[in-house]
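Dropping entry_7.txt in here (compact mmCIF, C-alpha atoms):
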# COMPACT_ATOMS: atom_id res chain seq x y z
CA MET Z 291 23.75 10.52 3.74
CA GLU Z 292 22.71 7.49 1.67
CA LEU Z 293 19.14 8.75 1.86
CA HIS Z 294 20.13 12.05 0.24
CA ILE Z 295 21.95 10.30 -2.60
CA ILE Z 296 18.93 8.07 -3.19
CA LEU Z 297 16.56 11.06 -3.11
CA LEU Z 298 18.68 12.92 -5.70
CA PHE Z 299 18.70 9.78 -7.86
CA MET Z 300 14.90 9.55 -7.57
CA ILE Z 301 14.43 13.20 -8.51
CA PHE Z 302 16.67 12.75 -11.56
CA GLY Z 303 14.78 9.59 -12.59
CA ALA Z 304 11.42 11.33 -12.18
CA ILE Z 305 12.52 14.25 -14.38
CA VAL Z 306 13.73 11.78 -17.04
CA ALA Z 307 10.44 9.84 -16.81
CA VAL Z 308 8.38 12.98 -17.34
CA GLU Z 309 10.46 14.55 -20.09
CA ILE Z 310 11.40 11.58 -22.30
CA LYS Z 311 9.35 10.91 -25.42
CA ASP Z 312 9.43 7.11 -25.69
CA LEU Z 313 6.85 5.36 -23.50
CA ILE Z 314 8.94 2.27 -22.71
CA SER Z 315 11.95 4.38 -21.69
CA SER Z 316 9.68 6.47 -19.51
CA VAL Z 317 8.40 3.34 -17.79
CA ILE Z 318 11.99 2.14 -17.22
CA ALA Z 319 12.89 5.51 -15.70
CA LEU Z 320 9.80 5.28 -13.48
CA SER Z 321 10.97 1.87 -12.30
CA ALA Z 322 14.34 3.40 -11.45
CA VAL Z 323 12.45 5.83 -9.22
CA GLY Z 324 10.62 2.87 -7.70
CA LEU Z 325 13.92 1.09 -7.03
CA GLY Z 326 15.23 4.20 -5.27
CA LEU Z 327 12.04 4.36 -3.19
CA SER Z 328 12.45 0.70 -2.27
CA LEU Z 329 16.04 1.31 -1.11
CA ALA Z 330 14.84 4.33 0.87
CA PHE Z 331 12.21 2.17 2.61
CA LEU Z 332 14.92 -0.37 3.37
CA ILE Z 333 17.11 2.32 4.96
CA LEU Z 334 14.14 3.62 6.96
CA LYS Z 335 13.65 0.09 8.44
CA ALA Z 336 10.49 -1.02 6.63
CA PRO Z 337 11.54 -4.26 4.89
CA ASN Z 338 8.04 -5.57 4.10
CA LEU Z 339 7.18 -2.33 2.40
CA ALA Z 340 10.44 -2.40 0.45
CA ILE Z 341 9.65 -5.86 -0.92
CA THR Z 342 6.11 -4.84 -1.88
CA GLN Z 343 7.39 -1.69 -3.53
CA LEU Z 344 9.97 -3.68 -5.50
CA VAL Z 345 7.47 -6.28 -6.67
CA VAL Z 346 4.50 -4.06 -7.44
CA GLU Z 347 6.02 -0.96 -8.89
CA ILE Z 348 8.96 -2.45 -10.76
CA LEU Z 349 8.02 -5.97 -11.80
CA CYS Z 350 4.25 -5.66 -12.16
CA VAL Z 351 4.23 -2.29 -13.88
CA ILE Z 352 6.94 -3.28 -16.34
CA ILE Z 353 5.40 -6.69 -17.08
CA LEU Z 354 1.87 -5.29 -17.39
CA ILE Z 355 2.91 -2.46 -19.66
CA ARG Z 356 5.20 -4.69 -21.69
CA GLY Z 357 2.36 -7.18 -22.00
CA THR Z 358 -0.29 -4.70 -23.04
CA ILE Z 359 1.67 -2.41 -25.31
CA ASN Z 360 3.21 -4.75 -27.84
CA LYS Z 361 5.37 -2.28 -29.64
CA ASP Z 362 8.57 -4.25 -29.93
CA LEU Z 363 11.72 -2.87 -28.41
CA PRO Z 364 14.43 -2.13 -30.93
CA LEU Z 365 16.93 -4.71 -29.81
CA VAL Z 366 20.40 -4.20 -31.26
CA ARG Z 367 22.30 -7.47 -31.15
CA ASP Z 368 24.78 -7.22 -34.01
CA GLY Z 369 28.27 -5.80 -33.53
CA ARG Z 370 27.97 -5.52 -29.76
CA TRP Z 371 28.78 -9.02 -28.61
CA LEU Z 372 32.01 -7.94 -26.88
CA PHE Z 373 30.25 -5.23 -24.86
CA ASN Z 374 27.31 -7.52 -24.07
CA THR Z 375 29.54 -10.37 -22.91
CA ILE Z 376 31.71 -8.10 -20.77
CA ALA Z 377 28.67 -6.45 -19.19
CA THR Z 378 27.05 -9.81 -18.46
CA PHE Z 379 30.16 -11.23 -16.79
CA LEU Z 380 30.65 -7.99 -14.86
CA PHE Z 381 27.14 -8.18 -13.42
CA ILE Z 382 27.52 -11.87 -12.60
CA ALA Z 383 30.82 -11.17 -10.80
CA CYS Z 384 29.25 -8.26 -8.89
CA PHE Z 385 26.34 -10.47 -7.82
CA LEU Z 386 28.63 -13.28 -6.69
CA VAL Z 387 30.83 -10.95 -4.62
CA PHE Z 388 27.88 -9.31 -2.88
CA ALA Z 389 26.18 -12.69 -2.37
CA TYR Z 390 29.39 -14.05 -0.74
CA PHE Z 391 29.45 -11.24 1.81
CA ALA Z 392 25.68 -11.31 2.38
CA LEU Z 393 25.38 -15.07 2.81
CA LYS Z 394 28.11 -15.08 5.47
CA GLU Z 395 25.92 -12.80 7.63
CA LEU Z 396 22.86 -15.06 7.54
CA PRO Z 397 22.05 -17.13 10.65
CA ASN Z 398 22.52 -20.87 10.43
CA PHE Z 399 19.74 -23.09 9.14
CA GLY Z 400 17.30 -23.95 11.91
CA GLU Z 401 18.54 -21.25 14.26
CA PRO Z 402 16.50 -18.17 13.41
CA LEU Z 403 16.91 -14.77 15.02
CA MET Z 404 14.04 -14.51 17.52
CA ARG Z 405 14.58 -11.02 18.90
CA VAL Z 406 11.36 -9.38 17.66
CA SER Z 407 9.36 -12.53 16.94
CA GLN Z 408 9.60 -13.70 20.55
CA GLY Z 409 7.79 -10.55 21.67
CA TYR Z 410 5.06 -11.07 19.08
CA ILE Z 411 4.48 -14.65 20.19
CA ALA Z 412 4.54 -13.81 23.91
CA GLU Z 413 2.19 -10.83 24.00
CA GLY Z 414 0.46 -10.84 20.61
CA LEU Z 415 -2.93 -12.02 21.85
CA ALA Z 416 -2.91 -9.84 24.96
CA LYS Z 417 -2.00 -6.66 23.13
CA SER Z 418 -3.92 -6.97 19.89
CA GLY Z 419 -6.81 -9.25 20.83
CA ALA Z 420 -6.59 -11.21 17.59
CA ILE Z 421 -6.36 -14.99 17.88
CA ASN Z 422 -4.82 -15.25 14.44
CA LEU Z 423 -1.26 -14.16 15.10
CA VAL Z 424 -0.59 -13.36 11.45
CA THR Z 425 -3.42 -10.82 11.41
CA ALA Z 426 -2.22 -9.42 14.72
CA ILE Z 427 1.21 -8.80 13.22
CA THR Z 428 0.12 -7.45 9.83
CA LEU Z 429 -2.66 -5.19 11.05
CA ASN Z 430 -1.46 -4.17 14.52
CA PHE Z 431 2.29 -4.48 15.06
CA ARG Z 432 3.04 -3.77 11.42
CA GLY Z 433 -0.12 -1.79 10.67
CA TYR Z 434 1.64 1.16 9.07
CA ASP Z 435 3.61 -1.25 6.91
CA ALA Z 436 0.31 -2.73 5.71
CA LEU Z 437 -1.11 0.74 5.16
CA ALA Z 438 1.83 1.77 2.99
CA GLU Z 439 1.66 -1.55 1.11
CA ALA Z 440 -1.96 -0.84 0.28
CA ALA Z 441 -0.94 2.66 -0.79
CA VAL Z 442 1.75 1.23 -3.09
CA LEU Z 443 -0.80 -1.17 -4.59
CA PHE Z 444 -3.25 1.70 -5.12
CA ALA Z 445 -0.55 3.77 -6.81
CA GLY Z 446 0.16 0.78 -9.08
CA VAL Z 447 -3.54 0.56 -9.98
CA ILE Z 448 -3.66 4.25 -10.83
CA GLY Z 449 -0.48 3.90 -12.92
CA VAL Z 450 -1.87 1.01 -14.95
CA LEU Z 451 -5.16 2.86 -15.48
CA ALA Z 452 -3.27 5.96 -16.60
CA VAL Z 453 -1.21 4.02 -19.14
CA THR Z 454 -4.13 2.03 -20.60
CA ARG Z 455 -6.61 4.90 -20.71
CA LYS Z 456 -8.55 5.71 -23.87
CA THR Z 457 -9.11 9.45 -23.57
CA GLY Z 458 -6.20 11.70 -24.41
CA LYS Z 459 -4.38 9.13 -26.51
CA SER Z 460 -6.40 9.28 -29.72
CA HIS Z 461 -3.97 11.52 -31.62
CA GLU Z 462 -1.10 9.06 -31.20
CA ARG Z 463 0.08 7.77 -34.62
CA MET J 300 -31.37 -16.76 -26.95
CA LYS J 301 -29.20 -13.93 -28.14
CA ASP J 302 -26.88 -14.32 -25.15
CA ASN J 303 -25.58 -17.59 -26.51
CA GLN J 304 -23.47 -15.82 -29.09
CA LYS J 305 -21.36 -13.91 -26.57
CA GLY J 306 -18.93 -15.24 -24.02
CA MET J 307 -18.29 -18.93 -23.48
CA THR J 308 -20.56 -21.96 -23.96
CA LEU J 309 -23.84 -22.66 -22.18
CA ILE J 310 -22.17 -25.16 -19.83
CA VAL J 311 -19.68 -22.58 -18.58
CA LYS J 312 -22.42 -19.99 -18.20
CA THR J 313 -24.63 -22.30 -16.15
CA ALA J 314 -21.73 -23.36 -13.95
CA THR J 315 -20.77 -19.72 -13.45
CA ARG J 316 -24.33 -18.82 -12.52
CA ILE J 317 -24.22 -21.42 -9.74
CA LEU J 318 -20.63 -20.87 -8.61
CA PHE J 319 -20.49 -17.07 -8.62
CA GLY J 320 -22.51 -16.62 -5.45
CA LEU J 321 -20.59 -19.32 -3.62
CA ILE J 322 -17.19 -17.85 -4.50
CA PHE J 323 -18.35 -14.32 -3.65
CA VAL J 324 -19.72 -15.34 -0.26
CA TYR J 325 -16.59 -17.38 0.42
CA GLY J 326 -14.47 -14.28 -0.25
CA ILE J 327 -16.58 -12.24 2.18
CA PHE J 328 -16.23 -15.06 4.75
CA ILE J 329 -12.43 -15.04 4.35
CA VAL J 330 -12.40 -11.26 4.88
CA LEU J 331 -14.66 -11.21 7.93
CA ASP J 332 -13.02 -14.25 9.52
CA GLY J 333 -9.51 -12.87 9.21
CA HIS J 334 -8.86 -12.04 12.85
CA HIS J 335 -9.40 -15.51 14.27
CA ALA J 336 -8.70 -17.81 11.34
CA PRO J 337 -6.28 -17.84 8.43
CA GLY J 338 -7.28 -15.35 5.79
CA GLY J 339 -7.58 -11.60 5.78
CA GLY J 340 -8.06 -8.60 3.63
CA PHE J 341 -5.64 -9.28 0.80
CA ALA J 342 -6.63 -12.90 0.16
CA GLY J 343 -10.36 -12.30 0.58
CA GLY J 344 -10.29 -9.23 -1.63
CA LEU J 345 -8.55 -11.22 -4.35
CA ILE J 346 -11.20 -13.95 -4.14
CA ILE J 347 -13.99 -11.36 -4.47
CA ALA J 348 -12.27 -9.75 -7.46
CA LEU J 349 -11.71 -13.14 -9.10
CA SER J 350 -15.41 -14.03 -8.73
CA PHE J 351 -16.32 -10.89 -10.69
CA ILE J 352 -13.61 -11.65 -13.25
CA GLN J 353 -15.07 -15.15 -13.70
CA LEU J 354 -18.49 -13.63 -14.34
CA LEU J 355 -16.96 -11.26 -16.88
CA LEU J 356 -15.03 -14.01 -18.67
CA ALA J 357 -18.03 -16.34 -18.90
CA PHE J 358 -20.60 -13.84 -20.12
CA GLY J 359 -18.38 -11.86 -22.46
CA ARG J 360 -16.91 -8.44 -22.07
CA GLU J 361 -19.63 -6.85 -24.21
CA SER J 362 -22.06 -7.27 -21.33
CA VAL J 363 -20.48 -4.55 -19.17
CA LEU J 364 -19.92 -0.85 -19.62
CA GLU J 365 -16.19 -0.92 -19.06
CA GLN J 366 -15.34 2.74 -18.71
CA LEU J 367 -18.13 3.30 -16.19
CA TYR J 368 -17.07 0.27 -14.16
CA ILE J 369 -13.41 1.32 -14.19
CA LYS J 370 -14.33 4.67 -12.64
CA ARG J 371 -16.58 3.05 -10.03
CA SER J 372 -13.92 0.48 -9.14
CA LEU J 373 -11.31 3.18 -8.72
CA PHE J 374 -13.76 5.11 -6.50
CA LEU J 375 -14.37 2.05 -4.30
CA SER J 376 -10.64 1.38 -4.11
CA ALA J 377 -9.99 4.95 -2.99
CA ILE J 378 -12.73 4.63 -0.35
CA GLY J 379 -11.07 1.46 0.95
CA ILE J 380 -7.65 3.00 1.34
CA ILE J 381 -9.08 6.15 2.97
CA VAL J 382 -10.98 4.05 5.52
CA PHE J 383 -7.76 2.12 6.22
CA LEU J 384 -5.84 5.37 6.67
CA ILE J 385 -8.47 6.77 9.05
CA SER J 386 -8.57 3.59 11.15
CA MET J 387 -4.78 3.47 11.39
CA SER J 388 -4.69 7.10 12.54
CA LEU J 389 -7.36 6.21 15.12
CA VAL J 390 -4.94 3.56 16.36
CA LEU J 391 -2.24 6.22 16.57
CA LEU J 392 -4.52 8.55 18.55
CA GLY J 393 -5.63 5.77 20.88
CA SER J 394 -3.62 3.33 22.90
CA GLY J 395 -1.66 1.98 19.98
CA PHE J 396 -3.27 -1.45 20.00
CA THR J 397 -7.00 -1.69 19.42
CA ALA J 398 -8.52 -5.06 18.71
CA ARG J 399 -11.86 -3.64 17.60
CA LEU J 400 -10.35 -1.96 14.57
CA ILE J 401 -8.91 -5.14 13.02
CA PRO J 402 -12.14 -6.19 11.20
CA LEU J 403 -12.57 -2.64 9.92
CA CYS J 404 -9.00 -2.63 8.60
CA ASP J 405 -9.60 -6.03 7.01
CA ILE J 406 -12.75 -4.85 5.25
CA ALA J 407 -11.00 -1.69 4.03
CA VAL J 408 -8.03 -3.65 2.66
CA ALA J 409 -10.40 -6.12 0.98
CA LEU J 410 -12.38 -3.30 -0.65
CA MET J 411 -9.20 -1.66 -1.89
CA VAL J 412 -7.63 -4.88 -3.22
CA SER J 413 -10.74 -6.28 -4.92
CA ALA J 414 -11.76 -3.01 -6.57
CA GLY J 415 -8.18 -2.29 -7.64
CA ILE J 416 -7.58 -5.72 -9.19
CA PHE J 417 -10.94 -5.57 -10.96
CA ALA J 418 -10.11 -2.10 -12.31
CA ILE J 419 -6.75 -3.36 -13.62
CA PHE J 420 -8.48 -6.31 -15.31
CA LEU J 421 -11.08 -4.05 -16.94
CA ALA J 422 -8.40 -1.63 -18.09
CA LEU J 423 -6.35 -4.41 -19.70
CA ILE J 424 -9.46 -5.84 -21.42
CA SER J 425 -10.57 -2.48 -22.77
CA SER J 426 -7.08 -1.57 -24.01
CA SER J 427 -6.73 -4.90 -25.86
CA GLU J 428 -10.17 -4.30 -27.36
CA LEU J 429 -8.95 -0.91 -28.52
CA LYS J 430 -5.99 -2.54 -30.24
CA GLY J 431 -8.30 -5.00 -31.98
CA GLU J 432 -10.30 -2.15 -33.49
CA LYS J 433 -7.27 -0.48 -35.03
How would this structure read if it were set down as structure tokens?
Amino acid sequence: MELHIILLFMIFGAIVAVEIKDLISSVIALSAVGLGLSLAFLILKAPNLAITQLVVEILCVIILIRGTINKDLPLVRDGRWLFNTIATFLFIACFLVFAYFALKELPNFGEPLMRVSQGYIAEGLAKSGAINLVTAITLNFRGYDALAEAAVLFAGVIGVLAVTRKTGKSHER
Amino acid sequence: MKDNQKGMTLIVKTATRILFGLIFVYGIFIVLDGHHAPGGGFAGGLIIALSFIQLLLAFGRESVLEQLYIKRSLFLSAIGIIVFLISMSLVLLGSGFTARLIPLCDIAVALMVSAGIFAIFLALISSSELKGEK
């Protein structure tokens, strides 16, 4: 059910990203799609991939594009201080409430959950044949996670190359 | 010496000439040693890409044909991820755990990461050069 809502949100964001004229707004809409994809990965039980997706597609793409294309954003600061202040406090309150409920669920310091990790430590060498346990986990037990991380990174590379390309942009301005 | 006008000073160029091979070989060592020592595809690929970026920074960006290199880097990156995909599907077809495929996966990831990072660097350089011309 949540997956369907997230997929509809991603489709809407993708349509906005394709159809909108402004480049920065298009990139923001693309990052909204990336956020939806990250949540979908989280629901489908791939947390490593969700973190990579969040970092690469949202943070890196926005920072890279914002750093390369220095057309300044039209920031409107006057006459909106009431709305800005209310929105800021609303987001801070939201974050604090969710953090209160999330932090209560965490295990105590020094007592980690060892359900899956115990299996890795016990039979990692016998099953994967790699002495380095980190490599055994990333490339054998979590191999498809690593594959999709590499795919996300490759998609990020293609996105950056498409934004900074020379051909096809000459008639702009 | 017409090369002295481009890039950084002679000291940096000489140091780069000596250090480039060492850093490059160290990156390859990190990649190939990943399954029994700390390291692996991502870190080793980044070291390889950074050695090329050092070469590019020291000798000036006029010394490379950027558009050509961007296409070649993207091609190598695509080859890396396809090799990784094929080896992971071989794992799926086989027993599920195959130790012999770990070095292959490492090399594929390193190829993909190094070529991709280098392509991003070249693209950023060439786009900033484009802005300077306007």
Got a sec: who's within 10 Å of Ile381 of chain J, counting all atoms listed in the file, leaving out chain neighbours fewer than 4 positions off, as a ChimeraX atom specification?
/Z:437,441 /J:375-377,385-387,407-408,411
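Considering the residues Z:Ala389, Z:Phe379, Z:Pro397, Z:Cys350 and counting all atoms listed in the file, chain J has its shortest atom-to-atom contact with Z:Cys350.
Distance annotation: of J:Leu345, J:Val390, J:Ile380, J:Ile310, the residue with the minimal separation from Phe358 of chain J is J:Ile310; atom set is all atoms listed in the file.
Counting only C-alpha atoms and comparing J:Ser413, J:His334, J:Leu384, J:Gln353, the residue that lies closest to Arg399 of chain J is J:His334.
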Residues of chain J within 9 Å of chain Z, counting only C-alpha atoms - could you list those as number ranges by chain?
J: 333-339, 369, 373, 376-377, 380, 383-384, 387, 390, 395-399, 401, 404-405, 408, 411-412, 415-416, 418-419, 422-423, 425-427, 429
Nearest residue to Lys370 of chain J out of J:Ala414, J:Ala314, J:Leu309, J:Ile352, using only C-alpha atoms?
J:Ala414
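Going from atom CA of Gly340 of chain J over to atom CA of Gly320 of chain J, you cover 18.9 Å.
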Who sits within 7 Å of Lys312 of chain J, only C-alpha atoms, same chain under 4 positions skipped, as a PyMOL selection string
chain J and resi 307-308+316+357-358
Could you jot down the atom CA of Leu321 of chain J to atom CA of Phe351 of chain J separation for me, Å, one decimal place?
11.8 Å
Spatial neighbours of Val345 of chain Z, max dist 12 Å, all atoms listed in the file, sep filter under 2 positions, as a count of residues only:
21
Taking every listed atom of segment 341-359 of chain J and adding 5 Å to each side, what centre and edge lengths in Å (one decimal) does the axis-aligned box have, as AutoDock Vina command-line options?
--center_x -13.1 --center_y -12.8 --center_z -10.8 --size_x 25.0 --size_y 17.1 --size_z 33.3
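The coordinates place atom CA of Gly379 of chain J at 5.2 Å from atom CA of Leu410 of chain J.
Counting only C-alpha atoms and comparing Z:Arg370, Z:Asp435, Z:Ala319, Z:Leu380, the residue that lies closest to Gly303 of chain Z is Z:Ala319.
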